[in-house]
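J.: Next up is a structure, given as structure tokens.
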Amino acid sequence: MENEKKKALRAQYDQRKPDMGIVCWQNGETMWIAISKDANADYNSSLFQLKLGSWPNREMQKAYTENPEAFQWSLLKKLDYRERDEDHSDDLELLFLMCQEEYPAARKMRPGKR
């Protein structure tokens with residue numbers, strides 16, 4: 001019975017359709033943005049790393065360490081997609097470029113990546 005329950009939960013997880021798009025951490029007027037293929041997982045991961053003090057973007061880490069209450073997270077732009085298993089990299093890249101145009105002062109959340 002337990003194995004059947006685990007299989008059912010795994011199948012449900014595999015069929016989920018996570019929010020994809022551009023995520024943002026904001027501290028006052030300062031914004032850091034990145035592409036995300038699973039916004040909720042990225043939020044949990046980045047918050048954990050920020051609290052631990054191990055976020056790869058030193059500027060963002062320093063700002064978080066100085067005033068964590070001032071940080072706000074959001075899914076800035078959500079990608080509308082139908083098929084979970086398709087490659088959405090090009091669409092996410094275009095969405096990122098659109099966000100850079102809309103928010104020219106936004107900084108990259110992850111050094112060397114979008």
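Residue numbering restarts at 1 for every chain of the structure tokens, chains are lettered A, B, ... in their displayed order, and ligands are numbered from 1 as they appear.
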Which neighbours of Arg110 in chain A fall inside 12 Å, counting only C-alpha atoms, when residues of the same chain fewer than 4 positions from it are skipped, and could you give them as a list of chain:residue names?

T.: A:Val23, A:Cys24, A:Trp25, A:Trp32, A:Ile33, A:Ala34, A:Ile35, A:Ser36, A:Asp42, A:Ser46, A:Trp55, A:Pro56, A:Asn57, A:Arg58, A:Glu59, A:Met60, A:Gln61, A:Arg114

J.: Could you write those residues out with all heavy atoms, as a short mmCIF file (atom, residue, chain, number, x, y, z; two decimals), in the first residue's frame?

T.:
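The result, stored in selection35.cif:
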data_model
loop_
_atom_site.label_atom_id
_atom_site.label_comp_id
_atom_site.auth_asym_id
_atom_site.auth_seq_id
_atom_site.Cartn_x
_atom_site.Cartn_y
_atom_site.Cartn_z
N VAL A 23 12.14 35.66 -12.26
CA VAL A 23 11.98 35.90 -10.83
C VAL A 23 12.79 37.12 -10.42
O VAL A 23 13.76 37.48 -11.09
CB VAL A 23 12.38 34.66 -9.99
CG1 VAL A 23 11.42 33.52 -10.23
CG2 VAL A 23 13.81 34.24 -10.27
N CYS A 24 12.38 37.72 -9.32
CA CYS A 24 13.01 38.98 -8.90
C CYS A 24 13.11 39.02 -7.38
O CYS A 24 12.16 38.73 -6.68
CB CYS A 24 12.16 40.14 -9.40
SG CYS A 24 12.68 41.75 -8.82
N TRP A 25 14.29 39.39 -6.91
CA TRP A 25 14.47 39.79 -5.51
C TRP A 25 14.66 41.30 -5.56
O TRP A 25 15.43 41.81 -6.38
CB TRP A 25 15.70 39.15 -4.89
CG TRP A 25 15.48 37.75 -4.40
CD1 TRP A 25 15.86 36.61 -5.02
CD2 TRP A 25 14.86 37.36 -3.18
NE1 TRP A 25 15.52 35.52 -4.26
CE2 TRP A 25 14.89 35.96 -3.12
CE3 TRP A 25 14.25 38.05 -2.13
CZ2 TRP A 25 14.36 35.22 -2.07
CZ3 TRP A 25 13.74 37.32 -1.07
CH2 TRP A 25 13.79 35.93 -1.05
N TRP A 32 17.17 42.43 -8.61
CA TRP A 32 17.99 41.37 -9.20
C TRP A 32 17.03 40.40 -9.86
O TRP A 32 16.05 39.96 -9.24
CB TRP A 32 18.79 40.64 -8.12
CG TRP A 32 19.87 41.46 -7.51
CD1 TRP A 32 21.15 41.59 -7.95
CD2 TRP A 32 19.79 42.27 -6.32
NE1 TRP A 32 21.86 42.42 -7.12
CE2 TRP A 32 21.05 42.84 -6.11
CE3 TRP A 32 18.77 42.55 -5.42
CZ2 TRP A 32 21.32 43.68 -5.04
CZ3 TRP A 32 19.03 43.38 -4.35
CH2 TRP A 32 20.29 43.94 -4.17
N ILE A 33 17.28 40.07 -11.13
CA ILE A 33 16.37 39.21 -11.87
C ILE A 33 17.11 38.00 -12.44
O ILE A 33 18.32 38.03 -12.64
CB ILE A 33 15.65 39.97 -13.00
CG1 ILE A 33 16.64 40.53 -14.03
CG2 ILE A 33 14.76 41.06 -12.42
CD1 ILE A 33 15.97 41.17 -15.25
N ALA A 34 16.33 36.94 -12.70
CA ALA A 34 16.90 35.71 -13.27
C ALA A 34 15.80 34.90 -13.95
O ALA A 34 14.62 35.04 -13.62
CB ALA A 34 17.55 34.87 -12.19
N ILE A 35 16.21 34.05 -14.86
CA ILE A 35 15.31 33.09 -15.50
C ILE A 35 15.05 31.95 -14.52
O ILE A 35 15.97 31.50 -13.85
CB ILE A 35 15.93 32.55 -16.79
CG1 ILE A 35 15.97 33.65 -17.86
CG2 ILE A 35 15.17 31.33 -17.30
CD1 ILE A 35 16.71 33.26 -19.13
N SER A 36 13.81 31.50 -14.48
CA SER A 36 13.48 30.37 -13.61
C SER A 36 12.58 29.38 -14.34
O SER A 36 11.57 29.78 -14.92
CB SER A 36 12.76 30.87 -12.36
OG SER A 36 12.33 29.78 -11.59
N ASP A 42 13.02 27.81 -7.01
CA ASP A 42 14.06 28.84 -6.99
C ASP A 42 13.94 29.75 -5.78
O ASP A 42 14.93 30.15 -5.20
CB ASP A 42 14.01 29.67 -8.27
CG ASP A 42 14.75 29.00 -9.42
OD1 ASP A 42 15.40 27.96 -9.20
OD2 ASP A 42 14.68 29.53 -10.55
N SER A 46 16.98 29.96 -3.24
CA SER A 46 17.70 31.24 -3.07
C SER A 46 17.55 31.78 -1.65
O SER A 46 18.51 32.29 -1.08
CB SER A 46 17.25 32.27 -4.11
OG SER A 46 15.87 32.54 -4.02
N TRP A 55 25.08 32.96 -1.07
CA TRP A 55 24.58 33.33 -2.39
C TRP A 55 25.75 33.78 -3.27
O TRP A 55 26.60 34.53 -2.81
CB TRP A 55 23.54 34.44 -2.27
CG TRP A 55 22.86 34.70 -3.58
CD1 TRP A 55 23.03 35.78 -4.37
CD2 TRP A 55 21.93 33.86 -4.25
NE1 TRP A 55 22.25 35.66 -5.50
CE2 TRP A 55 21.57 34.48 -5.45
CE3 TRP A 55 21.36 32.61 -3.96
CZ2 TRP A 55 20.67 33.94 -6.36
CZ3 TRP A 55 20.46 32.08 -4.86
CH2 TRP A 55 20.13 32.74 -6.04
N PRO A 56 25.83 33.32 -4.53
CA PRO A 56 27.00 33.62 -5.37
C PRO A 56 27.14 35.09 -5.77
O PRO A 56 28.25 35.54 -6.06
CB PRO A 56 26.80 32.74 -6.61
CG PRO A 56 25.39 32.32 -6.59
CD PRO A 56 24.92 32.39 -5.18
N ASN A 57 26.08 35.85 -5.75
CA ASN A 57 26.16 37.28 -6.07
C ASN A 57 26.48 38.02 -4.77
O ASN A 57 25.63 38.22 -3.91
CB ASN A 57 24.83 37.76 -6.66
CG ASN A 57 24.85 39.20 -7.10
OD1 ASN A 57 25.46 40.04 -6.45
ND2 ASN A 57 24.17 39.49 -8.18
N ARG A 58 27.73 38.41 -4.63
CA ARG A 58 28.21 39.03 -3.38
C ARG A 58 27.46 40.32 -3.05
O ARG A 58 27.17 40.59 -1.89
CB ARG A 58 29.71 39.30 -3.46
CG ARG A 58 30.56 38.05 -3.60
CD ARG A 58 30.68 37.23 -2.31
NE ARG A 58 29.52 36.36 -2.14
CZ ARG A 58 29.20 35.71 -1.04
NH1 ARG A 58 29.93 35.78 0.02
NH2 ARG A 58 28.13 34.95 -0.97
N GLU A 59 27.18 41.13 -4.06
CA GLU A 59 26.47 42.39 -3.83
C GLU A 59 25.07 42.12 -3.26
O GLU A 59 24.64 42.76 -2.30
CB GLU A 59 26.37 43.16 -5.15
CG GLU A 59 25.53 44.42 -5.05
CD GLU A 59 25.18 44.99 -6.41
OE1 GLU A 59 25.00 44.22 -7.38
OE2 GLU A 59 25.06 46.22 -6.48
N MET A 60 24.38 41.18 -3.85
CA MET A 60 23.04 40.83 -3.38
C MET A 60 23.10 40.21 -1.99
O MET A 60 22.28 40.53 -1.13
CB MET A 60 22.40 39.86 -4.38
CG MET A 60 20.97 39.52 -4.08
SD MET A 60 20.31 38.50 -5.42
CE MET A 60 19.05 37.61 -4.54
N GLN A 61 24.09 39.35 -1.76
CA GLN A 61 24.24 38.74 -0.44
C GLN A 61 24.50 39.79 0.63
O GLN A 61 23.91 39.74 1.70
CB GLN A 61 25.38 37.71 -0.46
CG GLN A 61 25.60 37.03 0.89
CD GLN A 61 24.44 36.17 1.32
OE1 GLN A 61 24.10 35.22 0.65
NE2 GLN A 61 23.81 36.51 2.44
N ARG A 114 21.67 34.09 -16.71
CA ARG A 114 20.49 34.97 -16.80
C ARG A 114 19.45 34.56 -15.81
O ARG A 114 19.37 33.55 -15.31
CB ARG A 114 19.92 34.93 -18.19
CG ARG A 114 20.88 35.57 -19.16
CD ARG A 114 20.19 35.72 -20.49
NE ARG A 114 21.16 36.07 -21.51
CZ ARG A 114 21.29 37.27 -22.01
NH1 ARG A 114 20.56 38.25 -21.59
NH2 ARG A 114 22.17 37.50 -22.93
#

J.: Using the chain letters and numbers from this document, which residues of chain A does DSSP assign to strand (DSSP E), as a list in words?

T.: Gly21, Ile22, Val23, Cys24, Trp25, Gln26, Asn27, Thr30, Met31, Trp32, Ile33, Ala34, Ile35, Ser36, Phe71, Gln72, Trp73, Ser74, Leu75, Leu76, Lys77, Lys78, Arg107 and Lys108 of chain A

J.: Do you know which residues are at most 8 Å from Lys78 in chain A counting only C-alpha atoms, after dropping those on the same chain fewer than 2 positions away, and could you put them as a ChimeraX atom specification?

T.: /A:19-22,75-76,80

J.: From the list A:Asn27, A:Ser45, A:Gln15, A:Asn40, which residue is nearest Tyr64 in chain A when using only C-alpha atoms?

T.: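 Of all the options, A:Asn27 lies closest to Tyr64 in chain A.
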
J.: Write down as a PyMOL selection string the residues belonging to chain A that are assigned helix (DSSP H, G or I) by DSSP computed on the backbone.

T.: chain A and resi 2-15+39-52+58-66+68-70+89-102

J.: So how many Å separate CA of Phe96 in chain A and CA of Gln12 in chain A, to one decimal?

T.: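 If I compute the distance from CA of Phe96 in chain A to CA of Gln12 in chain A, I get 29.5 Å.
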
J.: Figure out the distance between CA of Arg16 in chain A and CA of Glu2 in chain A, please, to one decimal in Å.

T.: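 Here the two named atoms are 21.4 Å from each other.
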
J.: Identify, on the basis of only C-alpha atoms, every residue whose closest approach to Asp90 in chain A does not exceed 12 Å; exclude the query and any residue fewer than 3 positions from it along the same chain; express the result as JSON, numbers by chain.

T.: {"A": [21, 35, 37, 79, 86, 87, 93, 94, 95, 96, 97]}

J.: Between CA of Lys108 in chain A and CA of Asp91 in chain A, what is the distance, to one decimal in Å?

T.: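 CA of Lys108 in chain A sits 17.8 Å away from CA of Asp91 in chain A.
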